[in-house]
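What follows is data.pdb (PDB, C-alpha atoms).
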ATOM      1  CA  MET A   1     -17.396  34.487 -11.972
ATOM      2  CA  ARG A   2     -17.126  31.508  -9.633
ATOM      3  CA  VAL A   3     -16.478  32.143  -5.928
ATOM      4  CA  LEU A   4     -14.016  29.979  -3.992
ATOM      5  CA  MET A   5     -14.025  30.425  -0.201
ATOM      6  CA  PHE A   6     -10.917  29.624   1.846
ATOM      7  CA  GLN A   7     -10.266  29.214   5.540
ATOM      8  CA  SER A   8      -7.962  31.781   7.147
ATOM      9  CA  GLN A   9      -5.079  29.280   7.367
ATOM     10  CA  PHE A  10      -4.705  29.452   3.557
ATOM     11  CA  VAL A  11      -4.923  33.243   3.070
ATOM     12  CA  GLU A  12      -1.196  33.997   3.299
ATOM     13  CA  ALA A  13      -0.278  31.217   0.848
ATOM     14  CA  ILE A  14      -2.913  32.443  -1.634
ATOM     15  CA  GLU A  15      -1.735  36.044  -1.335
ATOM     16  CA  HIS A  16       1.929  35.019  -1.863
ATOM     17  CA  GLY A  17       1.032  32.762  -4.790
ATOM     18  CA  THR A  18       2.309  29.533  -3.216
ATOM     19  CA  LYS A  19      -1.206  28.055  -3.071
ATOM     20  CA  THR A  20      -2.484  27.770  -6.636
ATOM     21  CA  THR A  21      -4.731  24.726  -6.271
ATOM     22  CA  THR A  22      -7.629  23.537  -4.190
ATOM     23  CA  LEU A  23      -9.454  20.238  -3.813
ATOM     24  CA  LEU A  24     -13.220  20.593  -3.949
ATOM     25  CA  PRO A  25     -16.031  18.059  -3.760
ATOM     26  CA  ARG A  26     -17.656  17.511  -7.141
ATOM     27  CA  ARG A  27     -20.275  20.162  -7.864
ATOM     28  CA  SER A  28     -23.565  20.087  -9.712
ATOM     29  CA  ARG A  29     -22.308  23.195 -11.581
ATOM     30  CA  PRO A  30     -18.652  22.296 -12.106
ATOM     31  CA  ILE A  31     -15.824  24.775 -12.468
ATOM     32  CA  ARG A  32     -14.341  24.645 -15.959
ATOM     33  CA  VAL A  33     -11.018  25.644 -17.482
ATOM     34  CA  GLY A  34     -11.192  29.321 -18.434
ATOM     35  CA  ASP A  35     -13.675  30.266 -15.678
ATOM     36  CA  THR A  36     -12.849  33.421 -13.738
ATOM     37  CA  LEU A  37     -12.495  32.668 -10.030
ATOM     38  CA  SER A  38     -12.989  35.060  -7.138
ATOM     39  CA  LEU A  39     -10.733  33.896  -4.287
ATOM     40  CA  ARG A  40     -12.227  34.892  -0.932
ATOM     41  CA  THR A  41     -12.175  34.326   2.812
ATOM     42  CA  TRP A  42     -14.465  35.260   5.694
ATOM     43  CA  SER A  43     -13.777  38.439   7.679
ATOM     44  CA  ARG A  44     -14.616  36.546  10.900
ATOM     45  CA  LYS A  45     -15.362  32.977  11.871
ATOM     46  CA  ALA A  46     -19.118  33.185  11.356
ATOM     47  CA  SER A  47     -20.225  32.104   7.894
ATOM     48  CA  ARG A  48     -22.696  34.974   7.604
ATOM     49  CA  CYS A  49     -20.134  37.747   7.842
ATOM     50  CA  ARG A  50     -18.559  39.829   5.104
ATOM     51  CA  HIS A  51     -16.274  38.269   2.489
ATOM     52  CA  ILE A  52     -12.731  39.517   1.986
ATOM     53  CA  ILE A  53     -11.691  39.283  -1.661
ATOM     54  CA  LEU A  54      -8.157  37.929  -1.953
ATOM     55  CA  GLY A  55      -7.992  38.329  -5.708
ATOM     56  CA  ALA A  56      -9.166  37.023  -9.036
ATOM     57  CA  ALA A  57      -7.791  34.116 -11.003
ATOM     58  CA  THR A  58      -8.400  32.107 -14.138
ATOM     59  CA  CYS A  59      -8.974  28.365 -13.846
ATOM     60  CA  THR A  60      -6.190  26.646 -15.808
ATOM     61  CA  ALA A  61      -6.949  22.980 -15.036
ATOM     62  CA  VAL A  62      -9.614  20.746 -13.514
ATOM     63  CA  ASP A  63      -8.567  17.201 -12.690
ATOM     64  CA  ARG A  64     -10.690  14.433 -11.177
ATOM     65  CA  VAL A  65      -9.147  13.351  -7.873
ATOM     66  CA  ASP A  66     -10.049  10.579  -5.468
ATOM     67  CA  LEU A  67      -8.572  10.179  -1.998
ATOM     68  CA  ILE A  68      -9.084   6.525  -1.156
ATOM     69  CA  PHE A  69      -7.748   3.750   1.042
ATOM     70  CA  ASP A  70      -5.335   1.243  -0.499
ATOM     71  CA  SER A  71      -7.105  -2.119  -0.467
ATOM     72  CA  LYS A  72      -3.979  -3.979   0.685
ATOM     73  CA  SER A  73      -2.303  -1.665   3.187
ATOM     74  CA  GLY A  74      -5.305   0.403   4.285
ATOM     75  CA  THR A  75      -3.314   3.636   3.929
ATOM     76  CA  PRO A  76      -4.710   6.677   2.110
ATOM     77  CA  VAL A  77      -3.659   7.177  -1.525
ATOM     78  CA  ILE A  78      -4.439   9.734  -4.205
ATOM     79  CA  CYS A  79      -5.763   8.836  -7.663
ATOM     80  CA  PHE A  80      -5.984  11.083 -10.722
ATOM     81  CA  ALA A  81      -8.570  10.005 -13.273
ATOM     82  CA  GLY A  82      -8.633   6.576 -11.650
ATOM     83  CA  HIS A  83      -4.848   6.078 -11.640
ATOM     84  CA  ARG A  84      -3.012   5.767  -8.328
ATOM     85  CA  ARG A  85      -0.107   8.196  -7.808
ATOM     86  CA  SER A  86       3.064   7.791  -5.764
ATOM     87  CA  LYS A  87       3.550   9.138  -2.234
ATOM     88  CA  GLU A  88       5.987  11.716  -3.638
ATOM     89  CA  ILE A  89       3.395  13.056  -6.091
ATOM     90  CA  ALA A  90       0.746  13.024  -3.338
ATOM     91  CA  ASP A  91       3.053  15.078  -1.074
ATOM     92  CA  PHE A  92       3.805  17.530  -3.923
ATOM     93  CA  ILE A  93       0.081  18.044  -4.605
ATOM     94  CA  ALA A  94      -0.608  18.522  -0.898
ATOM     95  CA  GLN A  95       2.159  21.130  -0.620
ATOM     96  CA  LYS A  96       0.783  23.074  -3.632
ATOM     97  CA  ASP A  97      -2.565  23.004  -1.822
ATOM     98  CA  GLY A  98      -1.084  24.565   1.332
ATOM     99  CA  PHE A  99      -0.381  21.471   3.446
ATOM    100  CA  GLU A 100       2.891  20.134   4.858
ATOM    101  CA  SER A 101       2.266  16.629   3.544
ATOM    102  CA  PHE A 102      -0.322  14.322   2.016
ATOM    103  CA  ASP A 103      -1.048  12.936   5.509
ATOM    104  CA  ALA A 104      -1.907  16.481   6.716
ATOM    105  CA  LEU A 105      -4.212  16.944   3.712
ATOM    106  CA  VAL A 106      -6.008  13.661   4.491
ATOM    107  CA  ARG A 107      -6.508  14.689   8.158
ATOM    108  CA  PHE A 108      -7.913  18.056   7.018
ATOM    109  CA  TYR A 109     -10.399  16.527   4.569
ATOM    110  CA  ARG A 110     -11.541  13.960   7.114
ATOM    111  CA  HIS A 111     -12.143  16.761   9.626
ATOM    112  CA  VAL A 112     -13.712  19.343   7.275
ATOM    113  CA  HIS A 113     -15.805  17.068   5.065
ATOM    114  CA  GLY A 114     -16.482  14.423   7.701
ATOM    115  CA  TYR A 115     -16.035  11.499   5.374
ATOM    116  CA  PHE A 116     -13.376   9.514   3.586
ATOM    117  CA  PRO A 117     -12.850   8.446   0.822
ATOM    118  CA  PHE A 118     -13.109  11.839  -0.853
ATOM    119  CA  GLU A 119     -14.206  12.307  -4.475
ATOM    120  CA  GLY A 120     -13.572  15.688  -5.982
ATOM    121  CA  ASN A 121     -11.689  17.882  -8.396
ATOM    122  CA  LEU A 122      -8.299  19.523  -8.164
ATOM    123  CA  ILE A 123      -8.804  23.102  -9.350
ATOM    124  CA  THR A 124      -5.646  24.891 -10.536
ATOM    125  CA  TRP A 125      -5.556  28.616 -11.181
ATOM    126  CA  GLN A 126      -3.350  31.480 -12.267
ATOM    127  CA  ARG A 127      -3.785  34.841 -10.588
ATOM    128  CA  ILE A 128      -5.021  37.749 -12.711
ATOM    129  CA  LYS A 129      -2.691  40.701 -12.258
TER     130      LYS A 129
END

Once you've parsed the file, please lay out its structure as C-alpha coordinates.
Amino acid sequence: MRVLMFQSQFVEAIEHGTKTTTLLPRRSRPIRVGDTLSLRTWSRKASRCRHIILGAATCTAVDRVDLIFDSKSGTPVICFAGHRRSKEIADFIAQKDGFESFDALVRFYRHVHGYFPFEGNLITWQRIK
(Lines of atoms letter the chains of each structure in order from A and count residues from 1; the text may use other names and numbers.)
(Lines give C-alpha, C1' and ligand atoms only; values in the text may rest on other atoms or scores of the structure.)
Protein backbone atom coordinates (compact mmCIF):
# COMPACT_ATOMS: atom_id res chain seq x y z
CA MET A 1 0.00 0.00 0.00
CA ARG A 2 1.32 3.42 -0.99
CA VAL A 3 0.58 6.40 1.27
CA LEU A 4 -0.42 9.76 -0.21
CA MET A 5 -0.50 12.70 2.22
CA PHE A 6 -2.72 15.71 1.54
CA GLN A 7 -2.96 19.17 3.03
CA SER A 8 -6.17 20.00 4.89
CA GLN A 9 -7.43 22.22 2.04
CA PHE A 10 -7.97 19.08 -0.10
CA VAL A 11 -9.68 16.84 2.49
CA GLU A 12 -13.28 17.80 1.70
CA ALA A 13 -12.78 17.33 -2.06
CA ILE A 14 -11.19 13.91 -1.50
CA GLU A 15 -13.99 12.83 0.84
CA HIS A 16 -16.68 13.97 -1.65
CA GLY A 17 -14.88 12.32 -4.57
CA THR A 18 -14.33 15.52 -6.57
CA LYS A 19 -10.55 15.27 -6.18
CA THR A 20 -9.42 12.06 -7.86
CA THR A 21 -5.95 13.11 -9.00
CA THR A 22 -2.77 14.52 -7.57
CA LEU A 23 0.46 15.83 -9.05
CA LEU A 24 3.55 14.42 -7.38
CA PRO A 25 7.25 14.91 -8.01
CA ARG A 26 8.81 11.87 -9.65
CA ARG A 27 9.74 9.24 -7.07
CA SER A 28 12.57 6.75 -6.85
CA ARG A 29 9.87 4.12 -6.11
CA PRO A 30 7.13 5.21 -8.50
CA ILE A 31 3.43 4.60 -8.01
CA ARG A 32 2.09 2.20 -10.62
CA VAL A 33 -1.34 1.47 -12.05
CA GLY A 34 -3.05 -1.09 -9.82
CA ASP A 35 -1.27 0.01 -6.62
CA THR A 36 -3.48 0.40 -3.56
CA LEU A 37 -3.28 3.94 -2.19
CA SER A 38 -3.94 5.08 1.36
CA LEU A 39 -5.22 8.67 1.19
CA ARG A 40 -4.30 10.54 4.37
CA THR A 41 -3.93 13.94 6.01
CA TRP A 42 -2.30 15.21 9.20
CA SER A 43 -4.41 15.58 12.36
CA ARG A 44 -2.63 18.89 13.09
CA LYS A 45 -0.18 21.14 11.31
CA ALA A 46 2.96 19.49 12.66
CA SER A 47 4.34 16.78 10.39
CA ARG A 48 5.05 14.45 13.31
CA CYS A 49 1.46 14.13 14.46
CA ARG A 50 -1.04 11.35 13.84
CA HIS A 51 -2.34 10.59 10.34
CA ILE A 52 -6.05 10.66 9.58
CA ILE A 53 -6.97 8.05 6.97
CA LEU A 54 -9.37 9.50 4.42
CA GLY A 55 -9.85 6.24 2.56
CA ALA A 56 -8.30 3.73 0.23
CA ALA A 57 -8.12 3.87 -3.54
CA THR A 58 -6.70 2.02 -6.50
CA CYS A 59 -4.34 3.83 -8.85
CA THR A 60 -5.97 3.84 -12.30
CA ALA A 61 -3.47 5.97 -14.26
CA VAL A 62 0.01 7.48 -13.99
CA ASP A 63 0.88 10.13 -16.55
CA ARG A 64 4.15 12.05 -16.89
CA VAL A 65 3.46 15.76 -16.46
CA ASP A 66 5.71 18.79 -16.80
CA LEU A 67 4.75 22.30 -15.76
CA ILE A 68 7.03 24.56 -17.76
CA PHE A 69 7.33 28.08 -19.10
CA ASP A 70 6.42 28.70 -22.75
CA SER A 71 9.62 29.76 -24.49
CA LYS A 72 7.87 32.53 -26.45
CA SER A 73 5.36 34.03 -24.03
CA GLY A 74 6.98 33.08 -20.72
CA THR A 75 3.64 31.87 -19.34
CA PRO A 76 3.28 28.52 -17.57
CA VAL A 77 1.99 25.58 -19.64
CA ILE A 78 1.30 21.92 -18.94
CA CYS A 79 2.77 19.06 -20.99
CA PHE A 80 1.74 15.40 -20.96
CA ALA A 81 4.43 13.01 -22.14
CA GLY A 82 6.25 15.94 -23.72
CA HIS A 83 3.21 17.32 -25.58
CA ARG A 84 1.89 20.77 -24.70
CA ARG A 85 -1.82 20.94 -23.78
CA SER A 86 -4.30 23.79 -24.20
CA LYS A 87 -5.27 26.24 -21.45
CA GLU A 88 -8.71 24.60 -21.30
CA ILE A 89 -7.21 21.15 -20.66
CA ALA A 90 -4.80 22.66 -18.11
CA ASP A 91 -7.74 24.28 -16.26
CA PHE A 92 -9.71 20.99 -16.34
CA ILE A 93 -6.75 19.06 -14.87
CA ALA A 94 -6.26 21.71 -12.19
CA GLN A 95 -9.95 21.56 -11.22
CA LYS A 96 -9.82 17.73 -10.93
CA ASP A 97 -6.82 18.26 -8.65
CA GLY A 98 -8.77 20.60 -6.34
CA PHE A 99 -7.77 24.02 -7.71
CA GLU A 100 -9.90 26.80 -9.21
CA SER A 101 -7.66 27.16 -12.25
CA PHE A 102 -4.33 26.18 -13.76
CA ASP A 103 -2.89 29.52 -12.55
CA ALA A 104 -3.86 28.61 -8.95
CA LEU A 105 -2.19 25.20 -9.36
CA VAL A 106 1.02 26.84 -10.63
CA ARG A 107 1.08 29.26 -7.64
CA PHE A 108 0.59 26.32 -5.25
CA TYR A 109 3.41 24.25 -6.75
CA ARG A 110 5.77 27.22 -6.76
CA HIS A 111 4.99 27.82 -3.08
CA VAL A 112 4.99 24.19 -1.87
CA HIS A 113 7.86 22.78 -3.94
CA GLY A 114 9.85 26.01 -4.14
CA TYR A 115 10.83 25.57 -7.75
CA PHE A 116 9.44 25.81 -11.25
CA PRO A 117 9.42 24.17 -13.77
CA PHE A 118 7.90 21.11 -12.11
CA GLU A 119 8.49 17.55 -13.34
CA GLY A 120 6.21 14.91 -11.95
CA ASN A 121 3.41 12.45 -12.43
CA LEU A 122 -0.34 12.89 -12.44
CA ILE A 123 -1.72 10.08 -10.28
CA THR A 124 -5.39 9.21 -10.88
CA TRP A 125 -7.34 6.96 -8.55
CA GLN A 126 -10.71 5.38 -7.92
CA ARG A 127 -11.94 5.08 -4.36
CA ILE A 128 -12.38 1.58 -2.92
CA LYS A 129 -15.85 1.28 -1.43

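Distance-wise, atom CA of A:Phe10 and atom CA of A:Ser28 end up 24.9 Å apart.
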
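The shell of residues at most 8 Å from A:Met1, with all atoms listed in the file counted and near chain neighbours (fewer than 3 positions) removed, consists of A:Asp35, A:Thr36, A:Leu37, A:Ser38.
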
So how many Å separate atom CA of A:Phe118 and atom CA of A:Asp66, to one decimal? 5.7 Å

Dump as JSON lines the rows for residues of stretch 24-109 of chain A within 6 Å of stretch 123-128 of chain A: closest atom pair and distance in Å with one decimal, only C-alpha atoms counted, ordered by chain and rising residue number.
{"residue": "A:Ala56", "atom": "CA", "partner": "A:Ile128", "partner_atom": "CA", "distance": 5.6}
{"residue": "A:Ala57", "atom": "CA", "partner": "A:Arg127", "partner_atom": "CA", "distance": 4.1}
{"residue": "A:Thr58", "atom": "CA", "partner": "A:Trp125", "partner_atom": "CA", "distance": 5.4}
{"residue": "A:Cys59", "atom": "CA", "partner": "A:Trp125", "partner_atom": "CA", "distance": 4.3}
{"residue": "A:Thr60", "atom": "CA", "partner": "A:Trp125", "partner_atom": "CA", "distance": 5.1}
{"residue": "A:Ala61", "atom": "CA", "partner": "A:Thr124", "partner_atom": "CA", "distance": 5.1}
{"residue": "A:Val62", "atom": "CA", "partner": "A:Ile123", "partner_atom": "CA", "distance": 4.9}

Those same residues - C-alpha atoms - I'd like them written as a CSV table (one decimal), in the frame of the given file.
chain,number,residue,atom,x,y,z
A,56,ALA,CA,-9.2,37.0,-9.0
A,57,ALA,CA,-7.8,34.1,-11.0
A,58,THR,CA,-8.4,32.1,-14.1
A,59,CYS,CA,-9.0,28.4,-13.8
A,60,THR,CA,-6.2,26.6,-15.8
A,61,ALA,CA,-6.9,23.0,-15.0
A,62,VAL,CA,-9.6,20.7,-13.5

Using all atoms listed in the file, give me every residue within 12 Å of (-2.1, 15.9, 5.5) in file coordinates, as number ranges by chain. A: 67, 76-78, 87, 90-111

Between atom CA of A:Arg27 and atom CA of A:Ala81 - distance in Å to one decimal: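 So the answer is 16.4 Å.
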
Write out as an MDAnalysis selection string each polymer residue whose atoms come within 10 Å of A:Arg64, counting all atoms listed in the file; drop sequence neighbours fewer than 2 positions from it. chainID A and resid 23:26 62 66 79:82 119:123

I need the chosen residues saved as a PDB file, keeping the file's coordinate frame, with C-alpha atoms.
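As a result, again.pdb now contains:
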ATOM      1  CA  LEU A  23      -9.454  20.238  -3.813  1.00  0.00           C
ATOM      2  CA  LEU A  24     -13.220  20.593  -3.949  1.00  0.00           C
ATOM      3  CA  PRO A  25     -16.031  18.059  -3.760  1.00  0.00           C
ATOM      4  CA  ARG A  26     -17.656  17.511  -7.141  1.00  0.00           C
ATOM      5  CA  VAL A  62      -9.614  20.746 -13.514  1.00  0.00           C
ATOM      6  CA  ASP A  66     -10.049  10.579  -5.468  1.00  0.00           C
ATOM      7  CA  CYS A  79      -5.763   8.836  -7.663  1.00  0.00           C
ATOM      8  CA  PHE A  80      -5.984  11.083 -10.722  1.00  0.00           C
ATOM      9  CA  ALA A  81      -8.570  10.005 -13.273  1.00  0.00           C
ATOM     10  CA  GLY A  82      -8.633   6.576 -11.650  1.00  0.00           C
ATOM     11  CA  GLU A 119     -14.206  12.307  -4.475  1.00  0.00           C
ATOM     12  CA  GLY A 120     -13.572  15.688  -5.982  1.00  0.00           C
ATOM     13  CA  ASN A 121     -11.689  17.882  -8.396  1.00  0.00           C
ATOM     14  CA  LEU A 122      -8.299  19.523  -8.164  1.00  0.00           C
ATOM     15  CA  ILE A 123      -8.804  23.102  -9.350  1.00  0.00           C
TER      16      ILE A 123
END

If you take every atom of stretch 64-78 of chain A that the file lists and fit an axis-aligned box around them with 8 Å extra on each side, what centre and edge lengths come out in Å to one decimal, as JSON?
{"center_x": -6.5, "center_y": 5.2, "center_z": -3.4, "size_x": 24.4, "size_y": 34.4, "size_z": 31.5}

Ranking A:Lys72, A:Arg40, A:Arg85, A:His51 by minimum distance to A:Arg2 and counting all atoms listed in the file, which one comes first?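 The closest residue to A:Arg2 is A:Arg40.
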
Care to translate the PyMOL selection byres ((chain A and resi 42) around 8) into actual residues of this file, as a VMD selection string? chain A and resid 5 to 8 40 to 41 43 to 47 49 to 52

Nearest to A:Lys19 by atom-to-atom distance, counting all atoms listed in the file, from A:Ser86, A:Arg32, A:Leu39, A:Val3: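 With all atoms listed in the file as the atom set, the closest residue is A:Leu39.
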
Using only C-alpha atoms: which of A:Gly55, A:Arg48, A:Phe69, A:Pro30 has the shortest distance to A:Glu15: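 Going through A:Gly55, A:Arg48, A:Phe69, A:Pro30 one by one, the smallest distance to A:Glu15 is for A:Gly55.
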
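Among A:Thr18, A:Pro117, A:Lys129, A:Val11, the residue with the shortest atom-to-atom distance to A:Ile53, counting only C-alpha atoms, is A:Val11.
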
Nearest to A:Thr22, chosen from A:Gly74, A:Val112, A:Leu4, A:Gly34, with only C-alpha atoms counted in the distances: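 Result for the nearest residue to A:Thr22: A:Leu4.
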
Measuring between only C-alpha atoms, which one of A:Val65, A:Leu54, A:Glu88, A:Asp70 shows the shortest distance to A:His16?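 Smallest separation from A:His16 among the options: A:Leu54.
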
Any chance you could model N, CA and C atoms for stretch 32-59 of chain A and send them as a CSV table (one decimal), in the coordinates of the input?
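So the final result, stored in rebuild03.csv, reads:
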chain,number,residue,atom,x,y,z
A,32,ARG,N,-15.0,25.1,-14.7
A,32,ARG,CA,-14.3,24.6,-16.0
A,32,ARG,C,-13.1,25.5,-16.3
A,33,VAL,N,-12.2,24.9,-17.0
A,33,VAL,CA,-11.0,25.6,-17.5
A,33,VAL,C,-11.5,26.9,-18.2
A,34,GLY,N,-10.8,28.0,-17.9
A,34,GLY,CA,-11.2,29.3,-18.4
A,34,GLY,C,-12.1,30.1,-17.6
A,35,ASP,N,-12.8,29.5,-16.6
A,35,ASP,CA,-13.7,30.3,-15.7
A,35,ASP,C,-12.9,31.3,-14.9
A,36,THR,N,-13.4,32.4,-14.6
A,36,THR,CA,-12.8,33.4,-13.7
A,36,THR,C,-13.3,33.1,-12.3
A,37,LEU,N,-12.3,33.0,-11.4
A,37,LEU,CA,-12.5,32.7,-10.0
A,37,LEU,C,-12.3,33.9,-9.1
A,38,SER,N,-13.2,34.0,-8.2
A,38,SER,CA,-13.0,35.1,-7.1
A,38,SER,C,-12.5,34.3,-5.9
A,39,LEU,N,-11.3,34.6,-5.4
A,39,LEU,CA,-10.7,33.9,-4.3
A,39,LEU,C,-11.1,34.7,-3.1
A,40,ARG,N,-11.7,34.1,-2.1
A,40,ARG,CA,-12.2,34.9,-0.9
A,40,ARG,C,-12.0,34.1,0.4
A,41,THR,N,-12.2,34.9,1.5
A,41,THR,CA,-12.2,34.3,2.8
A,41,THR,C,-13.2,35.1,3.6
A,42,TRP,N,-13.5,34.6,4.8
A,42,TRP,CA,-14.5,35.3,5.7
A,42,TRP,C,-13.7,36.3,6.5
A,43,SER,N,-14.4,37.4,6.8
A,43,SER,CA,-13.8,38.4,7.7
A,43,SER,C,-13.7,38.0,9.2
A,44,ARG,N,-14.6,37.1,9.5
A,44,ARG,CA,-14.6,36.5,10.9
A,44,ARG,C,-14.9,35.1,10.8
A,45,LYS,N,-15.1,34.4,11.9
A,45,LYS,CA,-15.4,33.0,11.9
A,45,LYS,C,-16.8,32.6,11.4
A,46,ALA,N,-17.7,33.5,11.7
A,46,ALA,CA,-19.1,33.2,11.4
A,46,ALA,C,-19.3,33.2,9.8
A,47,SER,N,-20.1,32.2,9.3
A,47,SER,CA,-20.2,32.1,7.9
A,47,SER,C,-21.1,33.2,7.3
A,48,ARG,N,-21.8,33.9,8.1
A,48,ARG,CA,-22.7,35.0,7.6
A,48,ARG,C,-22.1,36.4,7.6
A,49,CYS,N,-20.8,36.4,7.8
A,49,CYS,CA,-20.1,37.7,7.8
A,49,CYS,C,-19.6,38.1,6.4
A,50,ARG,N,-19.0,39.3,6.4
A,50,ARG,CA,-18.6,39.8,5.1
A,50,ARG,C,-17.4,39.0,4.5
A,51,HIS,N,-17.4,38.9,3.2
A,51,HIS,CA,-16.3,38.3,2.5
A,51,HIS,C,-15.1,39.3,2.3
A,52,ILE,N,-13.9,38.7,2.4
A,52,ILE,CA,-12.7,39.5,2.0
A,52,ILE,C,-12.2,38.9,0.7
A,53,ILE,N,-12.1,39.7,-0.4
A,53,ILE,CA,-11.7,39.3,-1.7
A,53,ILE,C,-10.2,39.3,-1.7
A,54,LEU,N,-9.6,38.1,-1.9
A,54,LEU,CA,-8.2,37.9,-2.0
A,54,LEU,C,-7.6,38.2,-3.3
A,55,GLY,N,-8.4,38.1,-4.3
A,55,GLY,CA,-8.0,38.3,-5.7
A,55,GLY,C,-8.8,37.6,-6.7
A,56,ALA,N,-8.5,37.7,-8.0
A,56,ALA,CA,-9.2,37.0,-9.0
A,56,ALA,C,-8.2,36.1,-9.7
A,57,ALA,N,-8.7,35.1,-10.3
A,57,ALA,CA,-7.8,34.1,-11.0
A,57,ALA,C,-8.6,33.5,-12.2
A,58,THR,N,-7.8,32.9,-13.0
A,58,THR,CA,-8.4,32.1,-14.1
A,58,THR,C,-8.1,30.6,-13.9
A,59,CYS,N,-9.1,29.8,-14.0
A,59,CYS,CA,-9.0,28.4,-13.8
A,59,CYS,C,-8.2,27.8,-15.0
